[in-house]
Amino acid sequence: MARPDEDGLIARYFAPLAGPGADGLTDDAATLTPNPGCDLVLTADAIVAGVHYFPDDPPDSIARKALGVNVSDLAAKGARPRGYLLTLALPDDWTEDWLAGFAAGLGEGIAAFGGDLLGGDTVRAAGPALIGITAIGEVPQGGMVRRRGARIGDRLCVSGTIGDAALGLHLRGPAPPAWAGGLDAQDRAALIDRYRHPRPRVALAPVLRAHARAAMDVSDGLAGDLAKMLKGDTSKDKASNGKGRSAAIDLSALPLSEAATRALAAAPEALATIVTGGDDYEILCAVAPERLDALLTDAVRAGTPLTCIGTVTAEDAPPIFRQASGQDLRLGAGSFSHF
């Protein structure tokens with residue numbers, strides 16, 4: 001049975017997911033009008049087979065990941081999703097079963113996160129599959145939460161649990177890590193699920209707009225992404241005394257899942273993986289000390305608790321990650337690098 005051409009592929013698998021303004025994906029462009037008094041927020045991320053996911057991962061999981069990593073960026077900016085553009089570069093050996101699973105996962109993600117499919121492009125890849133999504137969100141005018149607004153003395157908070165996806169990635173690798181023996185089948189499944197299925201914290205968007213001075217999602221590792229947040233101009237921050245911004249992180253406060261806690265008990269050296277590993281897709285935010293209690297309370301009400309893990313400091317030095325013993329954790333590479 002012959003595979004459909006591009007138009008047939010779009011009509012069969014993606015047109016049913018199209019939203020208003022997309023004309024059933026029959027045109028070369030779509031329209032999107034922001035609600036009165038709102039700004040549009042745009043972000044784009046791509047994932048590549050063999051780099052960001054395993055080629056034999058289930059296709060519905062791959063679709064959910066491709067969508068989730070983009071929605072996570074919107075959530076960190078305080079935005080709610082409005083629409084998506086999909087670029088799908090398929091290798092020669094693609095099958096209709098794979099594409100049907102991918103489209104089903106994409107539909108499930110859109111239903112869970114909000115927004116509509118508005119358009120995109122489908123092409124043949126010369127190498128591995130590439131999935132690119134441009135996500136379009138919306139915030140009240142002027143309400144986007146920037147990455148670099150943290151000030152000296154601000155408290156640093158993270159959502160959810162940290163390190164699960166990085167541990168799950170190691171479990172998917174060819175050689176089981178030393179700490180894997182301390183986990184049962186349920187723990188292993190939970191960690192791999194966190195790697196495959198990001199959980200963008202959409203419910204936190206209005207909480208961040210109300211309270212946070214800075215926010216970003218943790219995609220390339222807590223240590224590396226924290227360092228990115230602290231870069232930038234401190235000229236408006238009188239408390240910096242002309243110095244840069246750094247941070248003191250209390251690792252005993254770091255929120256860990258039960259599975260990650262057991263992995264750490266089996267191999268304490270796994271702490272470095274937890275702190276530097278990517279794919280958490282949790283929210284890291286900075287809040288003025290006097291707003292901390294309100295932030296934490298509203299996050300609980302939103303169903304996505306935040307945990308305070310440290311403080312922004314006036315230093316020209318990398319952030320300090322202090323263990324319960326009082327010793328500082330020595331880190332190698334601080335985050336995932338694409339190059």
# chains A, B, ... in the order shown; residues from 1 in each chain; ligands from 1
>>> closest_atom_pairs(of="range 184-243 of chain A", to="range 114-120 of chain A", cutoff="12 Å", atoms="only C-alpha atoms", output="Markdown table")
| residue | atom | partner | partner_atom | distance |
| --- | --- | --- | --- | --- |
| A:Pro200 | CA | A:Gly114 | CA | 11.3 |
| A:Val202 | CA | A:Gly114 | CA | 9.2 |
| A:Ala203 | CA | A:Gly114 | CA | 11.2 |
>>> write_last_selection(atoms="N, CA and C atoms", output="PDB file, in the first residue's frame")
ATOM      1  N   PRO A 200       5.002  20.343  31.635  1.00  0.00           N
ATOM      2  CA  PRO A 200       5.082  21.805  31.695  1.00  0.00           C
ATOM      3  C   PRO A 200       4.128  22.355  32.751  1.00  0.00           C
ATOM      4  N   VAL A 202       2.032  24.670  33.460  1.00  0.00           N
ATOM      5  CA  VAL A 202       1.144  25.714  32.947  1.00  0.00           C
ATOM      6  C   VAL A 202       0.361  26.379  34.066  1.00  0.00           C
ATOM      7  N   ALA A 203      -0.012  25.610  35.088  1.00  0.00           N
ATOM      8  CA  ALA A 203      -0.817  26.167  36.175  1.00  0.00           C
ATOM      9  C   ALA A 203      -0.077  27.246  36.954  1.00  0.00           C
TER      10      ALA A 203
END
>>> closest_residue(among="A:Leu254, A:Met216, A:Ala75, A:Ile136", to="Leu32 in chain A", atoms="only C-alpha atoms")
A:Ile136
>>> residues_around(residues="Asn70 in chain A", least_positions_apart="5", cutoff="10 Å", atoms="only C-alpha atoms", output="tab-separated table (two decimals) with C-alpha atoms, in the first residue's frame")
chain	number	residue	atom	x	y	z
A	42	LEU	CA	6.73	33.08	21.04
A	43	THR	CA	9.25	30.30	21.55
A	44	ALA	CA	10.73	27.53	19.39
A	45	ASP	CA	12.54	24.31	20.24
A	46	ALA	CA	13.45	21.28	18.15
A	65	LYS	CA	8.04	15.63	24.51
A	75	ALA	CA	4.74	28.55	31.31
A	81	PRO	CA	-0.62	28.41	25.17
A	84	TYR	CA	1.57	25.75	17.62
A	132	GLY	CA	10.47	21.44	15.56
A	133	ILE	CA	7.63	23.29	17.25
A	134	THR	CA	7.02	27.00	17.49
A	135	ALA	CA	4.70	27.66	20.42
A	136	ILE	CA	2.68	30.85	20.72
A	198	PRO	CA	7.86	16.60	30.35
A	200	PRO	CA	5.08	21.81	31.70
A	217	ASP	CA	12.34	26.48	32.84
A	281	TYR	CA	11.26	21.03	32.61
>>> residues_around(residues="Leu167 in chain A", least_positions_apart="4", cutoff="10 Å", atoms="only C-alpha atoms", output="ChimeraX atom specification")
/A:162-163,171-172,177,179-180,188,191-192,194-195,259-260,263,270,273-274,277-279
>>> write_last_selection(atoms="N, CA and C atoms", output="short mmCIF file (atom, residue, chain, number, x, y, z; two decimals), in the first residue's frame")
data_model
loop_
_atom_site.label_atom_id
_atom_site.label_comp_id
_atom_site.auth_asym_id
_atom_site.auth_seq_id
_atom_site.Cartn_x
_atom_site.Cartn_y
_atom_site.Cartn_z
N ILE A 162 13.45 17.63 41.17
CA ILE A 162 14.60 17.86 40.31
C ILE A 162 15.39 16.56 40.12
N GLY A 163 15.88 16.34 38.89
CA GLY A 163 16.79 15.24 38.61
C GLY A 163 16.18 13.96 38.10
N LEU A 171 18.98 5.46 32.85
CA LEU A 171 18.37 4.13 32.85
C LEU A 171 18.07 3.64 31.44
N ARG A 172 17.86 4.58 30.51
CA ARG A 172 17.59 4.20 29.11
C ARG A 172 18.87 3.88 28.35
N PRO A 177 23.46 2.28 35.41
CA PRO A 177 24.35 2.96 36.36
C PRO A 177 24.41 2.20 37.68
N TRP A 179 23.69 3.02 40.67
CA TRP A 179 22.58 3.19 41.59
C TRP A 179 21.31 2.48 41.15
N ALA A 180 21.30 1.93 39.91
CA ALA A 180 20.08 1.28 39.40
C ALA A 180 19.68 0.08 40.24
N ARG A 188 12.07 2.59 38.44
CA ARG A 188 12.67 2.73 37.11
C ARG A 188 11.67 3.30 36.12
N LEU A 191 11.07 7.10 36.67
CA LEU A 191 12.14 7.96 36.21
C LEU A 191 12.19 8.03 34.68
N ILE A 192 12.01 6.92 34.01
CA ILE A 192 11.99 6.92 32.55
C ILE A 192 10.80 7.72 32.04
N ARG A 194 9.49 10.31 33.46
CA ARG A 194 9.81 11.73 33.58
C ARG A 194 10.73 12.18 32.45
N TYR A 195 11.60 11.30 31.98
CA TYR A 195 12.47 11.64 30.85
C TYR A 195 11.66 11.76 29.56
N ALA A 259 11.82 8.01 44.06
CA ALA A 259 12.74 7.21 43.24
C ALA A 259 14.13 7.82 43.24
N ALA A 260 14.21 9.15 43.08
CA ALA A 260 15.51 9.82 43.08
C ALA A 260 16.18 9.71 44.45
N ALA A 263 17.72 6.32 44.62
CA ALA A 263 18.92 6.26 43.78
C ALA A 263 20.09 6.94 44.48
N ALA A 270 25.45 10.21 42.64
CA ALA A 270 24.39 10.56 41.69
C ALA A 270 23.88 11.99 41.90
N THR A 273 24.64 14.25 39.02
CA THR A 273 23.73 14.04 37.89
C THR A 273 22.41 14.75 38.12
N ILE A 274 21.90 14.67 39.33
CA ILE A 274 20.62 15.31 39.66
C ILE A 274 20.71 16.83 39.49
N GLY A 277 21.98 17.41 35.41
CA GLY A 277 21.32 16.74 34.29
C GLY A 277 20.14 17.55 33.76
N GLY A 278 19.85 17.40 32.48
CA GLY A 278 18.79 18.17 31.84
C GLY A 278 17.45 17.47 31.85
N ASP A 279 16.49 18.08 31.14
CA ASP A 279 15.16 17.52 30.88
C ASP A 279 14.23 17.54 32.08
#
>>> closest_residue(among="A:Thr313, A:Asn35, A:Gln186, A:Ser325", to="Gly153 in chain A", atoms="only C-alpha atoms")
A:Thr313
>>> select_by_dssp(residues="range 28-271 of chain A", states="helix (DSSP H, G or I)", output="ChimeraX atom specification")
/A:59-76,96-113,164-172,178-182,185-196,202-211,222-230,238-240,251-253,258-266,270-271
>>> closest_residue(among="A:Cys38, A:Ala89, A:Ala76, A:Ala165", to="Tyr53 in chain A", atoms="only C-alpha atoms")
A:Ala165
>>> residues_around(residues="Gly244 in chain A", least_positions_apart="5", cutoff="8 Å", atoms="only C-alpha atoms", output="number ranges by chain")
A: 231, 234, 314-317
>>> select_by_dssp(residues="range 175-267 of chain A", states="strand (DSSP E or B)", output="VMD selection string")
chain A and resid 212 to 218 245 to 250
>>> atom_distance(atom1="CA of Leu204 in chain A", atom2="CA of Asp298 in chain A")
8.7 Å
>>> closest_residue(among="A:Gly8, A:Pro128, A:Asp121, A:Leu156", to="Ala49 in chain A", atoms="only C-alpha atoms")
A:Pro128
>>> closest_residue(among="A:Glu258, A:Asp187, A:Asp250, A:Glu138", to="Pro36 in chain A", atoms="only C-alpha atoms")
A:Glu138
>>> residues_around(residues="Pro255 in chain A", least_positions_apart="3", cutoff="9 Å", atoms="only C-alpha atoms", output="PyMOL selection string")
chain A and resi 158-162+251-252+306-307+309
>>> closest_residue(among="A:Pro140, A:Val207, A:Gly83, A:Asp39", to="Ala294 in chain A", atoms="only C-alpha atoms")
A:Val207
>>> atom_distance(atom1="CA of Leu230 in chain A", atom2="CA of Val139 in chain A")
23.7 Å
>>> atom_distance(atom1="CA of Leu99 in chain A", atom2="CA of Ala66 in chain A")
14.1 Å
